[in-house]
Amino acid sequence: ASLEPLLKGGLALQLRNLSLNLTFLAVARVTQSIDKSGVAAAAHAMAIQTFQIGGIVLLALSTVAQTVVPNAMVERYDEDAQETIGGLQYAKATVNRLMSWGFILGCGLGSLQILLLPIIRKATPLQEVRDAAKIPAIIASVLQVINGLVFIGEGVMIGTGSFLQLSLSTLVATVGCLWALWFFPPRVGLTGVWLGFGVFNVIRLVGVYIHQRINGPLSPRKMGTVAP
């Protein structure tokens, strides 16, 4: 019986990983099919490099949330402060601070990426690749604002043990992304691939909102409080 929660959580996270891998495979397939010259693939790689400037930092914050939040949910006596700390209200305040930092860092890192675009575009001498990567790189930078909230919010979901909800949210986001990859690239090329990423992350953001405000263990409804 003690293995049941572990098995359920593991299977749910495997479903999430499967959804993520399916999304990335679909993105790669669509990108390679846009043109036969390889310009779109090279421009996509450049946009990915732009994204990774801030994405690595935000992914690290997701790991921090996975550790900090469950620790904050446990009530304990702080001998230095001479008071009891922890509990649901304490954890909720911690989540709010983390989400605020996610938004601030997302905005800051996205802005930094836009400022660095002229330097990043010099990574290739081919002007057609530079031109093709311009709008996708800008979209990748703007998406960091959403990523800051999504990555930390999903870290909170893991920290609170909401594995199934996280997996279902990712699965729905994958379905939305697959639709976007079917709809946008034939019309706007590589920009459509990154619009697909936008759809993917917006749906994940909705999942984070539902978890934190409606049905998660730290939501106002579950805690019996009124949302601010």
# chains A, B, ... in the order shown; residues from 1 in each chain; ligands from 1
call {"tool": "residues_around", "arguments": {"residues": "stretch 52-55 of chain A", "least_positions_apart": "6", "cutoff": "7 Å", "atoms": "only C-alpha atoms", "output": "VMD selection string"}}
result
chain A and resid 109 to 110 113
call {"tool": "residues_around", "arguments": {"residues": "A:Asn215", "least_positions_apart": "6", "cutoff": "12 Å", "atoms": "only C-alpha atoms", "output": "PyMOL selection string"}}
result
chain A and resi 157+160+162+165+207-209+221-224
call {"tool": "atom_distance", "arguments": {"atom1": "atom CA of A:Cys177", "atom2": "atom CA of A:Leu205"}}
result
13.4 Å
call {"tool": "residues_around", "arguments": {"residues": "A:Leu22", "least_positions_apart": "6", "cutoff": "10 Å", "atoms": "only C-alpha atoms", "output": "list in words"}}
result
Arg16, Ala28, Leu171, Thr174, Val175 and Leu178 of chain A
call {"tool": "residues_around", "arguments": {"residues": "A:Ile146", "least_positions_apart": "3", "cutoff": "8 Å", "atoms": "only C-alpha atoms", "output": "list in words"}}
result
Phe103, Gly106, Val142, Leu143, Leu149, Val150, Asn201, Val202 and Leu205 of chain A
call {"tool": "write_last_selection", "arguments": {"atoms": "all heavy atoms", "output": "mmCIF file, in the first residue's frame"}}
result
data_model
loop_
_atom_site.group_PDB
_atom_site.id
_atom_site.type_symbol
_atom_site.label_atom_id
_atom_site.label_comp_id
_atom_site.auth_asym_id
_atom_site.auth_seq_id
_atom_site.Cartn_x
_atom_site.Cartn_y
_atom_site.Cartn_z
ATOM 1 N N PHE A 103 7.391 35.989 -12.491
ATOM 2 C CA PHE A 103 6.918 37.020 -13.421
ATOM 3 C C PHE A 103 7.999 38.081 -13.646
ATOM 4 O O PHE A 103 8.265 38.480 -14.789
ATOM 5 C CB PHE A 103 5.650 37.667 -12.868
ATOM 6 C CG PHE A 103 5.097 38.761 -13.735
ATOM 7 C CD1 PHE A 103 4.428 38.460 -14.918
ATOM 8 C CD2 PHE A 103 5.259 40.087 -13.383
ATOM 9 C CE1 PHE A 103 3.924 39.464 -15.727
ATOM 10 C CE2 PHE A 103 4.761 41.106 -14.190
ATOM 11 C CZ PHE A 103 4.090 40.795 -15.365
ATOM 12 N N GLY A 106 10.843 36.558 -15.600
ATOM 13 C CA GLY A 106 10.400 36.327 -16.972
ATOM 14 C C GLY A 106 10.442 37.605 -17.792
ATOM 15 O O GLY A 106 10.919 37.611 -18.939
ATOM 16 N N VAL A 142 9.307 37.057 -25.745
ATOM 17 C CA VAL A 142 8.045 37.462 -25.118
ATOM 18 C C VAL A 142 7.462 36.312 -24.294
ATOM 19 O O VAL A 142 6.896 36.528 -23.215
ATOM 20 C CB VAL A 142 7.045 37.925 -26.200
ATOM 21 C CG1 VAL A 142 5.671 38.185 -25.582
ATOM 22 C CG2 VAL A 142 7.564 39.187 -26.895
ATOM 23 N N LEU A 143 7.618 35.095 -24.782
ATOM 24 C CA LEU A 143 7.078 33.928 -24.084
ATOM 25 C C LEU A 143 7.731 33.701 -22.727
ATOM 26 O O LEU A 143 7.167 32.987 -21.885
ATOM 27 C CB LEU A 143 7.235 32.670 -24.940
ATOM 28 C CG LEU A 143 6.277 32.532 -26.129
ATOM 29 C CD1 LEU A 143 6.579 31.251 -26.903
ATOM 30 C CD2 LEU A 143 4.829 32.523 -25.665
ATOM 31 N N LEU A 149 5.954 32.160 -15.092
ATOM 32 C CA LEU A 149 4.806 31.741 -14.291
ATOM 33 C C LEU A 149 4.549 30.241 -14.431
ATOM 34 O O LEU A 149 4.252 29.554 -13.449
ATOM 35 C CB LEU A 149 3.567 32.523 -14.712
ATOM 36 C CG LEU A 149 3.625 34.048 -14.508
ATOM 37 C CD1 LEU A 149 2.418 34.712 -15.146
ATOM 38 C CD2 LEU A 149 3.708 34.386 -13.029
ATOM 39 N N VAL A 150 4.676 29.739 -15.659
ATOM 40 C CA VAL A 150 4.368 28.321 -15.911
ATOM 41 C C VAL A 150 5.374 27.404 -15.229
ATOM 42 O O VAL A 150 4.993 26.447 -14.534
ATOM 43 C CB VAL A 150 4.338 28.043 -17.433
ATOM 44 C CG1 VAL A 150 4.318 26.535 -17.697
ATOM 45 C CG2 VAL A 150 3.126 28.693 -18.065
ATOM 46 N N ASN A 201 2.168 26.955 -24.117
ATOM 47 C CA ASN A 201 2.459 27.528 -22.808
ATOM 48 C C ASN A 201 1.271 28.281 -22.216
ATOM 49 O O ASN A 201 1.122 28.328 -20.990
ATOM 50 C CB ASN A 201 3.683 28.438 -22.897
ATOM 51 C CG ASN A 201 4.976 27.641 -23.012
ATOM 52 O OD1 ASN A 201 4.982 26.440 -22.756
ATOM 53 N ND2 ASN A 201 6.050 28.292 -23.403
ATOM 54 N N VAL A 202 0.441 28.876 -23.052
ATOM 55 C CA VAL A 202 -0.745 29.551 -22.532
ATOM 56 C C VAL A 202 -1.698 28.545 -21.893
ATOM 57 O O VAL A 202 -2.257 28.791 -20.812
ATOM 58 C CB VAL A 202 -1.457 30.349 -23.643
ATOM 59 C CG1 VAL A 202 -2.854 30.777 -23.192
ATOM 60 C CG2 VAL A 202 -0.641 31.579 -24.019
ATOM 61 N N LEU A 205 -0.372 27.595 -18.651
ATOM 62 C CA LEU A 205 -0.601 28.677 -17.689
ATOM 63 C C LEU A 205 -2.014 28.616 -17.132
ATOM 64 O O LEU A 205 -2.231 28.844 -15.934
ATOM 65 C CB LEU A 205 -0.343 30.034 -18.351
ATOM 66 C CG LEU A 205 -0.548 31.268 -17.464
ATOM 67 C CD1 LEU A 205 0.399 31.234 -16.268
ATOM 68 C CD2 LEU A 205 -0.331 32.540 -18.277
#
call {"tool": "decode", "arguments": {"residues": "stretch 73-99 of chain A", "atoms": "N, CA, C and O atoms", "output": "PDB file, in the first residue's frame"}}
result
ATOM      1  N   MET A  73       4.974  23.710   3.699  1.00  0.00           N
ATOM      2  CA  MET A  73       3.669  23.202   4.104  1.00  0.00           C
ATOM      3  C   MET A  73       3.705  22.491   5.462  1.00  0.00           C
ATOM      4  O   MET A  73       2.670  22.287   6.090  1.00  0.00           O
ATOM      5  N   VAL A  74       4.897  22.136   5.925  1.00  0.00           N
ATOM      6  CA  VAL A  74       5.041  21.405   7.193  1.00  0.00           C
ATOM      7  C   VAL A  74       5.220  22.397   8.336  1.00  0.00           C
ATOM      8  O   VAL A  74       6.142  23.221   8.315  1.00  0.00           O
ATOM      9  N   GLU A  75       4.346  22.336   9.343  1.00  0.00           N
ATOM     10  CA  GLU A  75       4.478  23.202  10.512  1.00  0.00           C
ATOM     11  C   GLU A  75       5.632  22.718  11.386  1.00  0.00           C
ATOM     12  O   GLU A  75       5.784  21.535  11.634  1.00  0.00           O
ATOM     13  N   ARG A  76       6.432  23.673  11.870  1.00  0.00           N
ATOM     14  CA  ARG A  76       7.562  23.340  12.725  1.00  0.00           C
ATOM     15  C   ARG A  76       7.896  24.549  13.592  1.00  0.00           C
ATOM     16  O   ARG A  76       7.496  25.677  13.270  1.00  0.00           O
ATOM     17  N   TYR A  77       8.629  24.305  14.642  1.00  0.00           N
ATOM     18  CA  TYR A  77       8.993  25.380  15.569  1.00  0.00           C
ATOM     19  C   TYR A  77      10.372  25.913  15.218  1.00  0.00           C
ATOM     20  O   TYR A  77      11.346  25.162  15.147  1.00  0.00           O
ATOM     21  N   ASP A  78      10.450  27.217  14.973  1.00  0.00           N
ATOM     22  CA  ASP A  78      11.708  27.877  14.655  1.00  0.00           C
ATOM     23  C   ASP A  78      12.310  28.405  15.950  1.00  0.00           C
ATOM     24  O   ASP A  78      11.801  29.349  16.552  1.00  0.00           O
ATOM     25  N   GLU A  79      13.407  27.778  16.379  1.00  0.00           N
ATOM     26  CA  GLU A  79      14.015  28.178  17.648  1.00  0.00           C
ATOM     27  C   GLU A  79      14.628  29.567  17.583  1.00  0.00           C
ATOM     28  O   GLU A  79      14.669  30.284  18.582  1.00  0.00           O
ATOM     29  N   ASP A  80      15.117  29.967  16.403  1.00  0.00           N
ATOM     30  CA  ASP A  80      15.703  31.306  16.266  1.00  0.00           C
ATOM     31  C   ASP A  80      14.638  32.388  16.389  1.00  0.00           C
ATOM     32  O   ASP A  80      14.833  33.397  17.076  1.00  0.00           O
ATOM     33  N   ALA A  81      13.519  32.179  15.710  1.00  0.00           N
ATOM     34  CA  ALA A  81      12.436  33.176  15.753  1.00  0.00           C
ATOM     35  C   ALA A  81      11.513  32.966  16.946  1.00  0.00           C
ATOM     36  O   ALA A  81      10.652  33.817  17.213  1.00  0.00           O
ATOM     37  N   GLN A  82      11.666  31.844  17.626  1.00  0.00           N
ATOM     38  CA  GLN A  82      10.823  31.525  18.779  1.00  0.00           C
ATOM     39  C   GLN A  82       9.344  31.518  18.420  1.00  0.00           C
ATOM     40  O   GLN A  82       8.500  32.065  19.144  1.00  0.00           O
ATOM     41  N   GLU A  83       9.030  30.902  17.295  1.00  0.00           N
ATOM     42  CA  GLU A  83       7.636  30.813  16.867  1.00  0.00           C
ATOM     43  C   GLU A  83       7.456  29.625  15.933  1.00  0.00           C
ATOM     44  O   GLU A  83       8.417  29.090  15.400  1.00  0.00           O
ATOM     45  N   THR A  84       6.195  29.250  15.775  1.00  0.00           N
ATOM     46  CA  THR A  84       5.863  28.158  14.863  1.00  0.00           C
ATOM     47  C   THR A  84       5.704  28.702  13.453  1.00  0.00           C
ATOM     48  O   THR A  84       4.998  29.692  13.229  1.00  0.00           O
ATOM     49  N   ILE A  85       6.371  28.070  12.514  1.00  0.00           N
ATOM     50  CA  ILE A  85       6.275  28.486  11.126  1.00  0.00           C
ATOM     51  C   ILE A  85       5.809  27.297  10.297  1.00  0.00           C
ATOM     52  O   ILE A  85       5.781  26.163  10.766  1.00  0.00           O
ATOM     53  N   GLY A  86       5.474  27.568   9.057  1.00  0.00           N
ATOM     54  CA  GLY A  86       5.001  26.516   8.172  1.00  0.00           C
ATOM     55  C   GLY A  86       3.486  26.421   8.190  1.00  0.00           C
ATOM     56  O   GLY A  86       2.780  27.204   8.840  1.00  0.00           O
ATOM     57  N   GLY A  87       2.952  25.467   7.448  1.00  0.00           N
ATOM     58  CA  GLY A  87       1.513  25.317   7.332  1.00  0.00           C
ATOM     59  C   GLY A  87       1.016  25.820   5.985  1.00  0.00           C
ATOM     60  O   GLY A  87       1.778  26.367   5.179  1.00  0.00           O
ATOM     61  N   LEU A  88      -0.271  25.633   5.752  1.00  0.00           N
ATOM     62  CA  LEU A  88      -0.837  25.968   4.447  1.00  0.00           C
ATOM     63  C   LEU A  88      -0.759  27.460   4.138  1.00  0.00           C
ATOM     64  O   LEU A  88      -0.425  27.857   3.021  1.00  0.00           O
ATOM     65  N   GLN A  89      -1.089  28.308   5.119  1.00  0.00           N
ATOM     66  CA  GLN A  89      -1.033  29.747   4.872  1.00  0.00           C
ATOM     67  C   GLN A  89       0.389  30.205   4.578  1.00  0.00           C
ATOM     68  O   GLN A  89       0.631  31.039   3.702  1.00  0.00           O
ATOM     69  N   TYR A  90       1.332  29.658   5.317  1.00  0.00           N
ATOM     70  CA  TYR A  90       2.752  29.971   5.108  1.00  0.00           C
ATOM     71  C   TYR A  90       3.197  29.510   3.721  1.00  0.00           C
ATOM     72  O   TYR A  90       3.905  30.232   3.008  1.00  0.00           O
ATOM     73  N   ALA A  91       2.773  28.307   3.345  1.00  0.00           N
ATOM     74  CA  ALA A  91       3.127  27.778   2.029  1.00  0.00           C
ATOM     75  C   ALA A  91       2.501  28.612   0.917  1.00  0.00           C
ATOM     76  O   ALA A  91       3.130  28.858  -0.116  1.00  0.00           O
ATOM     77  N   LYS A  92       1.264  29.047   1.108  1.00  0.00           N
ATOM     78  CA  LYS A  92       0.601  29.872   0.097  1.00  0.00           C
ATOM     79  C   LYS A  92       1.337  31.194  -0.096  1.00  0.00           C
ATOM     80  O   LYS A  92       1.506  31.654  -1.236  1.00  0.00           O
ATOM     81  N   ALA A  93       1.786  31.799   1.008  1.00  0.00           N
ATOM     82  CA  ALA A  93       2.561  33.033   0.898  1.00  0.00           C
ATOM     83  C   ALA A  93       3.871  32.788   0.158  1.00  0.00           C
ATOM     84  O   ALA A  93       4.321  33.617  -0.645  1.00  0.00           O
ATOM     85  N   THR A  94       4.480  31.629   0.401  1.00  0.00           N
ATOM     86  CA  THR A  94       5.713  31.262  -0.298  1.00  0.00           C
ATOM     87  C   THR A  94       5.470  31.112  -1.796  1.00  0.00           C
ATOM     88  O   THR A  94       6.252  31.587  -2.623  1.00  0.00           O
ATOM     89  N   VAL A  95       4.361  30.450  -2.142  1.00  0.00           N
ATOM     90  CA  VAL A  95       4.001  30.283  -3.553  1.00  0.00           C
ATOM     91  C   VAL A  95       3.788  31.638  -4.215  1.00  0.00           C
ATOM     92  O   VAL A  95       4.261  31.875  -5.341  1.00  0.00           O
ATOM     93  N   ASN A  96       3.101  32.538  -3.530  1.00  0.00           N
ATOM     94  CA  ASN A  96       2.849  33.870  -4.108  1.00  0.00           C
ATOM     95  C   ASN A  96       4.156  34.611  -4.368  1.00  0.00           C
ATOM     96  O   ASN A  96       4.307  35.277  -5.404  1.00  0.00           O
ATOM     97  N   ARG A  97       5.103  34.486  -3.439  1.00  0.00           N
ATOM     98  CA  ARG A  97       6.401  35.139  -3.651  1.00  0.00           C
ATOM     99  C   ARG A  97       7.136  34.522  -4.832  1.00  0.00           C
ATOM    100  O   ARG A  97       7.727  35.236  -5.662  1.00  0.00           O
ATOM    101  N   LEU A  98       7.107  33.202  -4.917  1.00  0.00           N
ATOM    102  CA  LEU A  98       7.782  32.527  -6.029  1.00  0.00           C
ATOM    103  C   LEU A  98       7.177  32.916  -7.376  1.00  0.00           C
ATOM    104  O   LEU A  98       7.897  33.161  -8.351  1.00  0.00           O
ATOM    105  N   MET A  99       5.851  32.976  -7.430  1.00  0.00           N
ATOM    106  CA  MET A  99       5.185  33.357  -8.673  1.00  0.00           C
ATOM    107  C   MET A  99       5.519  34.796  -9.055  1.00  0.00           C
ATOM    108  O   MET A  99       5.698  35.122 -10.234  1.00  0.00           O
TER     109      MET A  99
END
